[in-house]
Amino acid sequence: MKIAQIVCVYPPYAGGIGNSAHQFEGLLKKNHEVTTFHPQNIKPLIKLGHGAFIPSLYKKLSQFDAIFLHYPFFGTAEIVWLFKRLNKNKKLVIYYHMDVVGLKPLAKILSVPSLLTRNWLLKRADKIVCSSFDYIKNSQIKEFYQAHPEKFTEIPFGLDTKKFCPQHPHDDSAKKILFVGGLDQAHYFKGVNNLIKACAGLAVKNWQLVIVGEGDLKASYQALAQELEITDKTIFPGKLVAEQLIAAYQSASVLALPSINSNEAFGIVLIEALACGTPVVASNLPGVRSVFTDKQEGLIVEPDNVADLTNRLEEILNDNDLREIMRLKARELAEKKYDLSIVEKNLNQLFN
């Protein structure tokens, strides 16, 4: 089957939507002919942030048997909707990554047509994929899900568990708290400010905060660390290549994902850490909280609550036995639920 995959961002840009699209392309290409369209390889007429209006895409879609749209994608979702409306025989699969929240005033105005299109798209979709039913049941489209549950299927993101694996023996002498993510305005919701503040309040000795990533907010995070007088304990290594990133996961005592709102719908970094046998602390947000089980592979923290984040980090960092138990359970969960072979099987079923 010839599949046109459409996504708003794509590597080398750092972000979960683009990374998952890249991963899905590789998995689907084993059995299908896949072409991925994104603003970097097909010129938009208009581009605003991660939104893009690409009229030339319409004609190209006629060459394919199926469309795999990663939502949200303002400006291009309208083109897909129009194409599907006029070409009912073409299969449309939508991966609903997340709700759109926290937009600036201008973006809110410009997003209204796309939010209307979203509802039309969902009605015309042959299948709607989500990373977790927990997220969908609490999302902006929960009523549509309740009315049409048969349209939905759950396919979590995955990874190569042979590549992302624990390091033996693990050196835990330095209590490393790891964050991995975009440090730009598009990823404002990651809660990095809260993490820095939480670490400043730690009573644990010999801790170190490692913030991996790049972006226009990095300088403000560095300034906050300086203001709180923890620059000697806070490292900003920038964006790491694959081998360096895996090593960072392996050497960490805990990975923190303290996101503050539902723009965070899953957290690929969570499964990367789990596969490396690293316990996690993550926000009690729909989708995120379903990646692992609280008090098994990690701990759940209340969103936007610095004191709670400090306490949860200390709980893991202060208990060597707890960390070791969580390490074993984390690896076991990753192999059982998030290995690429499982994702590949489920993806191919969508297009067979």
# chains A, B, ... in the order shown; residues from 1 in each chain; ligands from 1
$ select_by_dssp --residues "range 146-314 of chain A" --states "helix (DSSP H, G or I)" --output "PyMOL selection string"
chain A and resi 146-147+149-151+185-190+192-200+218-227+242-251+268-275+306-314
$ write_last_selection --atoms "C-alpha atoms" --output "compact mmCIF listing (two decimals), in the first residue's frame"
# COMPACT_ATOMS: atom_id res chain seq x y z
CA GLN A 146 -17.62 8.09 23.79
CA ALA A 147 -19.91 8.23 20.75
CA PRO A 149 -15.23 4.10 20.45
CA GLU A 150 -14.94 1.66 17.54
CA LYS A 151 -12.98 4.25 15.54
CA GLN A 185 8.92 28.14 23.61
CA ALA A 186 7.06 25.33 21.82
CA HIS A 187 7.90 23.12 24.80
CA TYR A 188 7.14 25.66 27.54
CA PHE A 189 4.85 23.09 29.17
CA LYS A 190 7.69 20.75 30.16
CA VAL A 192 11.73 22.91 33.56
CA ASN A 193 11.41 25.99 35.80
CA ASN A 194 9.62 23.88 38.40
CA LEU A 195 12.26 21.17 38.18
CA ILE A 196 15.07 23.64 38.81
CA LYS A 197 13.19 25.11 41.78
CA ALA A 198 12.41 21.63 43.13
CA CYS A 199 16.06 20.60 42.96
CA ALA A 200 17.10 23.78 44.74
CA LYS A 218 17.66 27.70 27.77
CA ALA A 219 19.21 31.02 28.83
CA SER A 220 16.30 31.75 31.17
CA TYR A 221 16.68 28.31 32.77
CA GLN A 222 20.39 28.92 33.25
CA ALA A 223 19.61 32.30 34.80
CA LEU A 224 17.15 30.67 37.22
CA ALA A 225 19.77 28.13 38.29
CA GLN A 226 22.17 31.00 38.91
CA GLU A 227 19.55 32.94 40.87
CA ALA A 242 21.97 8.90 20.30
CA GLU A 243 24.87 7.18 22.05
CA GLN A 244 25.39 10.11 24.42
CA LEU A 245 21.68 10.24 25.22
CA ILE A 246 21.53 6.54 26.06
CA ALA A 247 24.58 6.98 28.30
CA ALA A 248 22.81 9.86 30.06
CA TYR A 249 19.78 7.67 30.75
CA GLN A 250 21.98 4.82 31.97
CA SER A 251 23.90 6.99 34.41
CA ILE A 268 8.69 9.35 24.83
CA VAL A 269 11.56 10.17 27.19
CA LEU A 270 9.75 8.14 29.84
CA ILE A 271 9.95 4.89 27.88
CA GLU A 272 13.54 5.62 26.88
CA ALA A 273 14.43 5.95 30.55
CA LEU A 274 12.43 2.86 31.53
CA ALA A 275 14.20 0.78 28.89
CA VAL A 306 7.22 22.30 43.24
CA ALA A 307 7.02 21.00 46.82
CA ASP A 308 5.51 17.69 45.71
CA LEU A 309 8.18 17.34 43.02
CA THR A 310 10.93 17.89 45.59
CA ASN A 311 9.42 15.27 47.88
CA ARG A 312 9.03 12.66 45.14
CA LEU A 313 12.61 13.15 43.94
CA GLU A 314 13.90 12.81 47.49
$ residues_around --residues "Asn352 in chain A" --least-positions-apart "3" --cutoff "12 Å" --atoms "only C-alpha atoms" --output "list in words"
Met1, Lys2, Ile3, Leu28, Asn31, His32, Asp65, Ala66, Lys91, Lys345, Asn346, Leu347, Asn348 and Gln349 of chain A
$ closest_atom_pairs --of "range 132-186 of chain A" --to "range 14-27 of chain A" --cutoff "8 Å" --atoms "only C-alpha atoms" --output "Markdown table"
| residue | atom | partner | partner_atom | distance |
| --- | --- | --- | --- | --- |
| A:Phe157 | CA | A:Ser20 | CA | 6.9 |
| A:Gly181 | CA | A:Gly15 | CA | 7.5 |
| A:Gly182 | CA | A:Ala14 | CA | 6.3 |
$ residues_around --residues "Ser262 in chain A" --least-positions-apart "5" --cutoff "8 Å" --atoms "only C-alpha atoms" --output "mmCIF file with N, CA and C atoms, in the first residue's frame"
data_model
loop_
_atom_site.group_PDB
_atom_site.id
_atom_site.type_symbol
_atom_site.label_atom_id
_atom_site.label_comp_id
_atom_site.auth_asym_id
_atom_site.auth_seq_id
_atom_site.Cartn_x
_atom_site.Cartn_y
_atom_site.Cartn_z
ATOM 1 N N MET A 98 -2.287 15.108 20.623
ATOM 2 C CA MET A 98 -2.580 15.903 21.812
ATOM 3 C C MET A 98 -3.612 16.979 21.505
ATOM 4 N N ASP A 99 -4.232 17.474 22.581
ATOM 5 C CA ASP A 99 -5.079 18.652 22.479
ATOM 6 C C ASP A 99 -4.198 19.869 22.234
ATOM 7 N N VAL A 101 -3.642 23.396 23.661
ATOM 8 C CA VAL A 101 -3.940 24.265 24.803
ATOM 9 C C VAL A 101 -2.807 25.262 24.987
ATOM 10 N N LEU A 285 -0.818 13.563 34.740
ATOM 11 C CA LEU A 285 -1.562 14.077 33.594
ATOM 12 C C LEU A 285 -2.087 12.908 32.774
ATOM 13 N N PRO A 286 -3.286 13.040 32.198
ATOM 14 C CA PRO A 286 -3.811 11.971 31.345
ATOM 15 C C PRO A 286 -2.805 11.596 30.265
#
$ residues_around --residues "Lys175 in chain A" --least-positions-apart "4" --cutoff "12 Å" --atoms "only C-alpha atoms" --output "list of chain:residue names"
A:His170, A:Asp171, A:Cys199, A:Leu202, A:Ala203, A:Val204, A:Lys205, A:Asn206, A:Trp207, A:Gln208, A:Leu209, A:Val210, A:Lys233, A:Ser251, A:Ala252, A:Ser253, A:Val254, A:Leu255, A:Leu313, A:Glu314, A:Ile316, A:Leu317, A:Asn318, A:Asp319, A:Asn320, A:Arg323
$ write_last_selection --atoms "N, CA and C atoms" --output "tab-separated table (two decimals), in the first residue's frame"
chain	number	residue	atom	x	y	z
A	170	HIS	N	25.70	-0.45	37.57
A	170	HIS	CA	25.27	0.94	37.55
A	170	HIS	C	25.94	1.72	38.68
A	171	ASP	N	26.58	2.82	38.32
A	171	ASP	CA	27.24	3.67	39.31
A	171	ASP	C	26.25	4.72	39.82
A	199	CYS	N	14.72	21.09	42.64
A	199	CYS	CA	16.06	20.60	42.96
A	199	CYS	C	16.78	21.53	43.94
A	202	LEU	N	16.18	20.44	47.47
A	202	LEU	CA	16.53	19.08	47.88
A	202	LEU	C	17.45	19.08	49.11
A	203	ALA	N	17.13	18.18	50.03
A	203	ALA	CA	17.99	17.99	51.20
A	203	ALA	C	19.02	16.90	50.95
A	204	VAL	N	18.88	16.20	49.84
A	204	VAL	CA	19.79	15.12	49.48
A	204	VAL	C	21.19	15.68	49.21
A	205	LYS	N	22.20	14.98	49.66
A	205	LYS	CA	23.57	15.39	49.39
A	205	LYS	C	24.05	14.80	48.06
A	206	ASN	N	24.98	15.46	47.45
A	206	ASN	CA	25.65	14.94	46.26
A	206	ASN	C	24.70	14.72	45.08
A	207	TRP	N	23.72	15.62	44.90
A	207	TRP	CA	22.83	15.51	43.75
A	207	TRP	C	23.35	16.37	42.60
A	208	GLN	N	22.89	16.02	41.40
A	208	GLN	CA	23.28	16.77	40.20
A	208	GLN	C	22.11	16.76	39.23
A	209	LEU	N	21.77	17.92	38.70
A	209	LEU	CA	20.68	18.06	37.73
A	209	LEU	C	21.28	18.22	36.34
A	210	VAL	N	20.87	17.33	35.43
A	210	VAL	CA	21.35	17.37	34.05
A	210	VAL	C	20.16	17.67	33.14
A	233	LYS	N	25.66	22.64	40.58
A	233	LYS	CA	25.01	21.33	40.57
A	233	LYS	C	24.14	21.11	39.33
A	251	SER	N	23.19	6.49	33.23
A	251	SER	CA	23.90	6.99	34.41
A	251	SER	C	23.00	7.75	35.38
A	252	ALA	N	21.75	7.99	34.98
A	252	ALA	CA	20.84	8.77	35.83
A	252	ALA	C	20.26	7.94	36.97
A	253	SER	N	20.03	8.59	38.08
A	253	SER	CA	19.34	7.94	39.20
A	253	SER	C	17.84	8.00	39.00
A	254	VAL	N	17.37	9.07	38.33
A	254	VAL	CA	15.95	9.25	38.07
A	254	VAL	C	15.78	10.21	36.90
A	255	LEU	N	14.75	9.97	36.09
A	255	LEU	CA	14.37	10.90	35.03
A	255	LEU	C	13.14	11.67	35.50
A	313	LEU	N	11.21	13.37	44.31
A	313	LEU	CA	12.61	13.15	43.94
A	313	LEU	C	13.41	12.64	45.13
A	314	GLU	N	13.18	13.24	46.29
A	314	GLU	CA	13.90	12.81	47.49
A	314	GLU	C	13.55	11.38	47.86
A	316	ILE	N	12.90	8.89	45.97
A	316	ILE	CA	13.68	7.95	45.15
A	316	ILE	C	15.18	8.06	45.44
A	317	LEU	N	15.67	9.27	45.54
A	317	LEU	CA	17.11	9.47	45.72
A	317	LEU	C	17.61	8.98	47.08
A	318	ASN	N	16.75	9.02	48.09
A	318	ASN	CA	17.16	8.63	49.44
A	318	ASN	C	17.08	7.13	49.71
A	319	ASP	N	16.45	6.38	48.80
A	319	ASP	CA	16.19	4.96	49.06
A	319	ASP	C	16.88	4.10	47.99
A	320	ASN	N	18.04	3.60	48.30
A	320	ASN	CA	18.80	2.79	47.34
A	320	ASN	C	18.06	1.52	46.95
A	323	ARG	N	15.17	2.31	44.54
A	323	ARG	CA	15.68	2.58	43.19
A	323	ARG	C	16.02	1.30	42.46
$ closest_residue --among "A:Phe37, A:Phe133, A:Phe64, A:Tyr96" --to "Arg289 in chain A" --atoms "only C-alpha atoms"
A:Phe133
$ select_by_dssp --residues "range 79-167 of chain A" --states "strand (DSSP E)" --output "ChimeraX atom specification"
/A:91-96,127-130,152-154
